[in-house]
Amino acid sequence: MTQYEYKSVPFIGVNQKELDVTQVAGQLTIKINEQVNDGWEFVQHCDVGIWVKPGCIAGLFGAAGQNRTSNQLIFRRPAESSQST
């Protein structure tokens, strides 16, 4: 059975003006291909929930923490061929 090492890479698509899914898809393709060219195999895209605590001043005024989402691209490669990341 092949053992793998995994790598998570954040992804945030950026539109210059209006929502353009083709533009974001191109950015995603570039990000995936960068990792593939370094020997990583694309596995999946996932959303990771993050709890963000309020800062000191905001906390003093009763601000609550917030849930945020981070888009992550998951890659893998066989452990025996691991290279430095």
# chains A, B, ... in the order shown; residues from 1 in each chain; ligands from 1
>>> residues_around(residues="Cys46 in chain A", least_positions_apart="6", cutoff="7 Å", atoms="only C-alpha atoms", output="MDAnalysis selection string")
chainID A and resid 71:73
>>> write_last_selection(atoms="N, CA and C atoms", output="PDB file, in the first residue's frame")
ATOM      1  N   ASN A  71     -10.648  28.564   1.851  1.00  0.00           N
ATOM      2  CA  ASN A  71     -10.619  27.585   0.759  1.00  0.00           C
ATOM      3  C   ASN A  71      -9.229  26.973   0.684  1.00  0.00           C
ATOM      4  N   GLN A  72      -9.166  25.654   0.699  1.00  0.00           N
ATOM      5  CA  GLN A  72      -7.887  24.943   0.672  1.00  0.00           C
ATOM      6  C   GLN A  72      -7.859  23.956  -0.488  1.00  0.00           C
ATOM      7  N   LEU A  73      -6.728  23.866  -1.132  1.00  0.00           N
ATOM      8  CA  LEU A  73      -6.493  22.870  -2.173  1.00  0.00           C
ATOM      9  C   LEU A  73      -5.621  21.787  -1.554  1.00  0.00           C
TER      10      LEU A  73
END
>>> select_by_dssp(residues="chain A", states="alpha helix (DSSP H)", output="list in words")
Val21, Thr22, Gln23, Val24, Ala25, Gly26, Gln27, Leu28, Thr29, Ile30, Lys31, Ile32, Asn33, Glu34, Gln35, Val36, Asn37, Cys56, Ile57, Ala58, Gly59 and Leu60 of chain A
>>> residues_around(residues="range 75-81 of chain A", least_positions_apart="2", cutoff="12 Å", atoms="only C-alpha atoms", output="MDAnalysis selection string")
chainID A and resid 1:10 31:46 72:73 83:85
>>> write_last_selection(atoms="C-alpha atoms", output="mmCIF file, in the first residue's frame")
data_model
loop_
_atom_site.group_PDB
_atom_site.id
_atom_site.type_symbol
_atom_site.label_atom_id
_atom_site.label_comp_id
_atom_site.auth_asym_id
_atom_site.auth_seq_id
_atom_site.Cartn_x
_atom_site.Cartn_y
_atom_site.Cartn_z
ATOM 1 C CA MET A 1 0.000 0.000 0.000
ATOM 2 C CA THR A 2 1.394 3.370 -0.998
ATOM 3 C CA GLN A 3 1.925 5.884 1.792
ATOM 4 C CA TYR A 4 1.341 9.533 0.934
ATOM 5 C CA GLU A 5 2.311 12.872 2.343
ATOM 6 C CA TYR A 6 -0.249 15.642 1.991
ATOM 7 C CA LYS A 7 -0.062 19.368 1.471
ATOM 8 C CA SER A 8 -2.757 22.012 1.884
ATOM 9 C CA VAL A 9 -2.508 25.255 -0.120
ATOM 10 C CA PRO A 10 -4.861 28.208 0.463
ATOM 11 C CA LYS A 31 -2.499 27.461 -8.641
ATOM 12 C CA ILE A 32 -3.111 23.734 -9.175
ATOM 13 C CA ASN A 33 -0.597 23.510 -12.031
ATOM 14 C CA GLU A 34 2.086 25.215 -9.901
ATOM 15 C CA GLN A 35 1.838 22.396 -7.364
ATOM 16 C CA VAL A 36 1.532 19.653 -10.007
ATOM 17 C CA ASN A 37 4.737 20.942 -11.633
ATOM 18 C CA ASP A 38 6.434 20.522 -8.232
ATOM 19 C CA GLY A 39 5.447 16.842 -8.128
ATOM 20 C CA TRP A 40 2.173 17.051 -6.187
ATOM 21 C CA GLU A 41 -1.059 15.353 -7.279
ATOM 22 C CA PHE A 42 -4.272 17.370 -6.859
ATOM 23 C CA VAL A 43 -6.725 15.548 -4.577
ATOM 24 C CA GLN A 44 -9.563 17.955 -3.802
ATOM 25 C CA HIS A 45 -10.775 21.398 -2.858
ATOM 26 C CA CYS A 46 -12.242 21.843 0.612
ATOM 27 C CA GLN A 72 -7.887 24.943 0.672
ATOM 28 C CA LEU A 73 -6.493 22.870 -2.173
ATOM 29 C CA GLN A 83 11.007 16.426 -1.618
ATOM 30 C CA SER A 84 11.384 19.547 0.460
ATOM 31 C CA THR A 85 8.301 21.776 0.355
#
>>> atom_distance(atom1="CA of Lys53 in chain A", atom2="CA of Gln66 in chain A")
6.7 Å
>>> closest_residue(among="A:Ile74, A:Ile30, A:Ala63, A:Gln16", to="Asp47 in chain A", atoms="only C-alpha atoms")
A:Ile74
>>> atom_distance(atom1="CA of Ile50 in chain A", atom2="CA of Arg68 in chain A")
5.1 Å
>>> select_by_dssp(residues="chain A", states="strand (DSSP E)", output="ChimeraX atom specification")
/A:4-10,41-52,66-78
>>> write_last_selection(atoms="C-alpha atoms", output="PDB file, in the first residue's frame")
ATOM      1  CA  TYR A   4       1.341   9.533   0.934  1.00  0.00           C
ATOM      2  CA  GLU A   5       2.311  12.872   2.343  1.00  0.00           C
ATOM      3  CA  TYR A   6      -0.249  15.642   1.991  1.00  0.00           C
ATOM      4  CA  LYS A   7      -0.062  19.368   1.471  1.00  0.00           C
ATOM      5  CA  SER A   8      -2.757  22.012   1.884  1.00  0.00           C
ATOM      6  CA  VAL A   9      -2.508  25.255  -0.120  1.00  0.00           C
ATOM      7  CA  PRO A  10      -4.861  28.208   0.463  1.00  0.00           C
ATOM      8  CA  GLU A  41      -1.059  15.353  -7.279  1.00  0.00           C
ATOM      9  CA  PHE A  42      -4.272  17.370  -6.859  1.00  0.00           C
ATOM     10  CA  VAL A  43      -6.725  15.548  -4.577  1.00  0.00           C
ATOM     11  CA  GLN A  44      -9.563  17.955  -3.802  1.00  0.00           C
ATOM     12  CA  HIS A  45     -10.775  21.398  -2.858  1.00  0.00           C
ATOM     13  CA  CYS A  46     -12.242  21.843   0.612  1.00  0.00           C
ATOM     14  CA  ASP A  47     -13.501  24.578   2.902  1.00  0.00           C
ATOM     15  CA  VAL A  48     -12.006  24.798   6.380  1.00  0.00           C
ATOM     16  CA  GLY A  49     -13.893  26.581   9.131  1.00  0.00           C
ATOM     17  CA  ILE A  50     -11.922  29.041  11.248  1.00  0.00           C
ATOM     18  CA  TRP A  51     -13.050  30.641  14.508  1.00  0.00           C
ATOM     19  CA  VAL A  52     -11.652  34.199  14.683  1.00  0.00           C
ATOM     20  CA  GLN A  66     -16.750  35.092  14.002  1.00  0.00           C
ATOM     21  CA  ASN A  67     -16.774  31.990  11.844  1.00  0.00           C
ATOM     22  CA  ARG A  68     -14.770  32.342   8.632  1.00  0.00           C
ATOM     23  CA  THR A  69     -14.104  29.924   5.817  1.00  0.00           C
ATOM     24  CA  SER A  70     -10.765  29.287   4.166  1.00  0.00           C
ATOM     25  CA  ASN A  71     -10.619  27.585   0.759  1.00  0.00           C
ATOM     26  CA  GLN A  72      -7.887  24.943   0.672  1.00  0.00           C
ATOM     27  CA  LEU A  73      -6.493  22.870  -2.173  1.00  0.00           C
ATOM     28  CA  ILE A  74      -5.321  19.429  -1.059  1.00  0.00           C
ATOM     29  CA  PHE A  75      -2.397  17.707  -2.794  1.00  0.00           C
ATOM     30  CA  ARG A  76      -0.514  14.479  -2.203  1.00  0.00           C
ATOM     31  CA  ARG A  77       2.554  12.617  -3.383  1.00  0.00           C
ATOM     32  CA  PRO A  78       4.080   9.246  -2.499  1.00  0.00           C
TER      33      PRO A  78
END
>>> atom_distance(atom1="CA of Ile12 in chain A", atom2="CA of Thr29 in chain A")
12.2 Å
>>> decode(residues="chain A", atoms="C-alpha atoms", output="short mmCIF file (atom, residue, chain, number, x, y, z; two decimals), in the first residue's frame")
data_model
loop_
_atom_site.label_atom_id
_atom_site.label_comp_id
_atom_site.auth_asym_id
_atom_site.auth_seq_id
_atom_site.Cartn_x
_atom_site.Cartn_y
_atom_site.Cartn_z
CA MET A 1 0.00 0.00 0.00
CA THR A 2 1.39 3.37 -1.00
CA GLN A 3 1.92 5.88 1.79
CA TYR A 4 1.34 9.53 0.93
CA GLU A 5 2.31 12.87 2.34
CA TYR A 6 -0.25 15.64 1.99
CA LYS A 7 -0.06 19.37 1.47
CA SER A 8 -2.76 22.01 1.88
CA VAL A 9 -2.51 25.26 -0.12
CA PRO A 10 -4.86 28.21 0.46
CA PHE A 11 -6.74 29.60 -2.53
CA ILE A 12 -8.59 32.89 -2.87
CA GLY A 13 -9.89 33.83 -6.30
CA VAL A 14 -9.69 37.52 -7.16
CA ASN A 15 -11.95 39.32 -9.62
CA GLN A 16 -10.78 42.60 -11.09
CA LYS A 17 -14.28 44.09 -11.49
CA GLU A 18 -17.42 41.96 -11.65
CA LEU A 19 -17.93 38.31 -10.80
CA ASP A 20 -16.20 36.42 -13.58
CA VAL A 21 -16.14 32.69 -12.92
CA THR A 22 -13.93 32.10 -15.97
CA GLN A 23 -11.28 34.42 -14.54
CA VAL A 24 -11.38 32.67 -11.15
CA ALA A 25 -11.26 29.24 -12.84
CA GLY A 26 -8.09 30.35 -14.64
CA GLN A 27 -6.53 31.44 -11.35
CA LEU A 28 -7.43 28.10 -9.79
CA THR A 29 -5.93 26.23 -12.75
CA ILE A 30 -2.67 28.19 -12.39
CA LYS A 31 -2.50 27.46 -8.64
CA ILE A 32 -3.11 23.73 -9.17
CA ASN A 33 -0.60 23.51 -12.03
CA GLU A 34 2.09 25.21 -9.90
CA GLN A 35 1.84 22.40 -7.36
CA VAL A 36 1.53 19.65 -10.01
CA ASN A 37 4.74 20.94 -11.63
CA ASP A 38 6.43 20.52 -8.23
CA GLY A 39 5.45 16.84 -8.13
CA TRP A 40 2.17 17.05 -6.19
CA GLU A 41 -1.06 15.35 -7.28
CA PHE A 42 -4.27 17.37 -6.86
CA VAL A 43 -6.72 15.55 -4.58
CA GLN A 44 -9.56 17.95 -3.80
CA HIS A 45 -10.77 21.40 -2.86
CA CYS A 46 -12.24 21.84 0.61
CA ASP A 47 -13.50 24.58 2.90
CA VAL A 48 -12.01 24.80 6.38
CA GLY A 49 -13.89 26.58 9.13
CA ILE A 50 -11.92 29.04 11.25
CA TRP A 51 -13.05 30.64 14.51
CA VAL A 52 -11.65 34.20 14.68
CA LYS A 53 -11.50 35.73 18.15
CA PRO A 54 -12.15 39.46 18.48
CA GLY A 55 -9.17 41.72 19.14
CA CYS A 56 -8.51 43.20 22.58
CA ILE A 57 -10.40 46.46 22.04
CA ALA A 58 -13.31 44.79 20.22
CA GLY A 59 -13.50 42.23 23.04
CA LEU A 60 -13.76 45.02 25.61
CA PHE A 61 -16.79 46.34 23.75
CA GLY A 62 -18.45 42.93 23.74
CA ALA A 63 -17.69 41.84 20.18
CA ALA A 64 -18.16 38.13 19.61
CA GLY A 65 -15.90 35.90 17.60
CA GLN A 66 -16.75 35.09 14.00
CA ASN A 67 -16.77 31.99 11.84
CA ARG A 68 -14.77 32.34 8.63
CA THR A 69 -14.10 29.92 5.82
CA SER A 70 -10.77 29.29 4.17
CA ASN A 71 -10.62 27.58 0.76
CA GLN A 72 -7.89 24.94 0.67
CA LEU A 73 -6.49 22.87 -2.17
CA ILE A 74 -5.32 19.43 -1.06
CA PHE A 75 -2.40 17.71 -2.79
CA ARG A 76 -0.51 14.48 -2.20
CA ARG A 77 2.55 12.62 -3.38
CA PRO A 78 4.08 9.25 -2.50
CA ALA A 79 6.03 9.53 0.75
CA GLU A 80 9.04 7.65 -0.61
CA SER A 81 9.56 10.33 -3.26
CA SER A 82 9.18 13.23 -0.84
CA GLN A 83 11.01 16.43 -1.62
CA SER A 84 11.38 19.55 0.46
CA THR A 85 8.30 21.78 0.35
#
